[in-house]
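Participant: Handing you a structure now.
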Amino acid sequence: MWTDDALVRWDWGSPEIFQGRDAQGVRIKTTRPYTPLEYPRFSYMGTSVLSFLDVLENGGELYISGHDLRQSLEAAIAAKYSALWGNIPLDLPLADRSLALYPRAYRWLGGDHSGRSQTYEEALEGTLFPRSS
């Protein structure tokens, strides 16, 4: 994601954030605190769900709010349509609110890159949903 003055780059690690440019026009990297996930054994969606459940049970604030998720979805939609339309820059918030991002059909039922769909029994075997006796 970039603007005239800023760039945010992320590749599954800590995000890289650049704000402004130096005298040669090179982007200036900023150092911002990056807090690791409180639930490191889970991926991004598992962390969101566990944070939500923790707030319901104990009060407090979400680590990742609905507003954060909406902003992330809008950025993902912009990235997709920018690529589809020849890598043109798109302003955020998006002017065309009808643009959408849907998963591929095989993902709706838990499919992965192997093309094999996950059954609901397999989904229940995960640590998020331990079987109760």
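Identifiers in the structure tokens: chain A, B, ... in order shown; residue index from 1 per chain; ligand index from 1 in order shown.
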Skipping near chain neighbours, those fewer than 5 positions away, what residues fall within 12 Å of stretch 20-31 of chain A using only C-alpha atoms, listed as a list in words?
Facilitator: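 Non-adjacent residues within range: Trp2, Thr3, Asp4, Asp5, Ala6, Leu7, Val8, Arg9, Ser14 and Pro15 of chain A.
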Participant: Go ahead and save the picked residues with N, CA and C atoms, as an mmCIF file, in the first residue's frame.
Facilitator:
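selection.cif, written as the output of this step:
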data_model
loop_
_atom_site.group_PDB
_atom_site.id
_atom_site.type_symbol
_atom_site.label_atom_id
_atom_site.label_comp_id
_atom_site.auth_asym_id
_atom_site.auth_seq_id
_atom_site.Cartn_x
_atom_site.Cartn_y
_atom_site.Cartn_z
ATOM 1 N N TRP A 2 0.562 2.190 -0.803
ATOM 2 C CA TRP A 2 1.362 3.397 -0.787
ATOM 3 C C TRP A 2 0.507 4.624 -1.072
ATOM 4 N N THR A 3 1.022 5.747 -0.646
ATOM 5 C CA THR A 3 0.458 7.050 -0.980
ATOM 6 C C THR A 3 1.634 7.893 -1.454
ATOM 7 N N ASP A 4 1.393 9.140 -1.758
ATOM 8 C CA ASP A 4 2.505 10.012 -2.143
ATOM 9 C C ASP A 4 3.531 10.124 -1.025
ATOM 10 N N ASP A 5 3.071 10.031 0.223
ATOM 11 C CA ASP A 5 3.944 10.264 1.365
ATOM 12 C C ASP A 5 4.265 9.010 2.179
ATOM 13 N N ALA A 6 3.570 7.908 1.951
ATOM 14 C CA ALA A 6 3.761 6.746 2.824
ATOM 15 C C ALA A 6 3.722 5.440 2.035
ATOM 16 N N LEU A 7 4.340 4.411 2.619
ATOM 17 C CA LEU A 7 4.328 3.064 2.052
ATOM 18 C C LEU A 7 4.266 2.089 3.214
ATOM 19 N N VAL A 8 3.373 1.118 3.121
ATOM 20 C CA VAL A 8 3.306 0.035 4.102
ATOM 21 C C VAL A 8 3.488 -1.262 3.333
ATOM 22 N N ARG A 9 4.469 -2.057 3.767
ATOM 23 C CA ARG A 9 4.776 -3.314 3.085
ATOM 24 C C ARG A 9 4.759 -4.424 4.125
ATOM 25 N N SER A 14 6.854 -8.707 10.543
ATOM 26 C CA SER A 14 6.490 -7.365 10.996
ATOM 27 C C SER A 14 6.305 -6.461 9.781
ATOM 28 N N PRO A 15 5.325 -5.575 9.807
ATOM 29 C CA PRO A 15 5.135 -4.680 8.665
ATOM 30 C C PRO A 15 6.276 -3.672 8.575
#
Participant: Hey, which of A:Arg116, A:Asp68, A:Ala76, A:Tyr63 ends up closest to A:Gly46? Count only C-alpha atoms.
Facilitator: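 Looking at the shortest contact to A:Gly46, the residue is A:Tyr63.
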Participant: Figure out the distance between atom CA of A:Leu69 and atom CA of A:Ala105, please, to one decimal in Å.
Facilitator: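 A separation of 21.8 Å between them.
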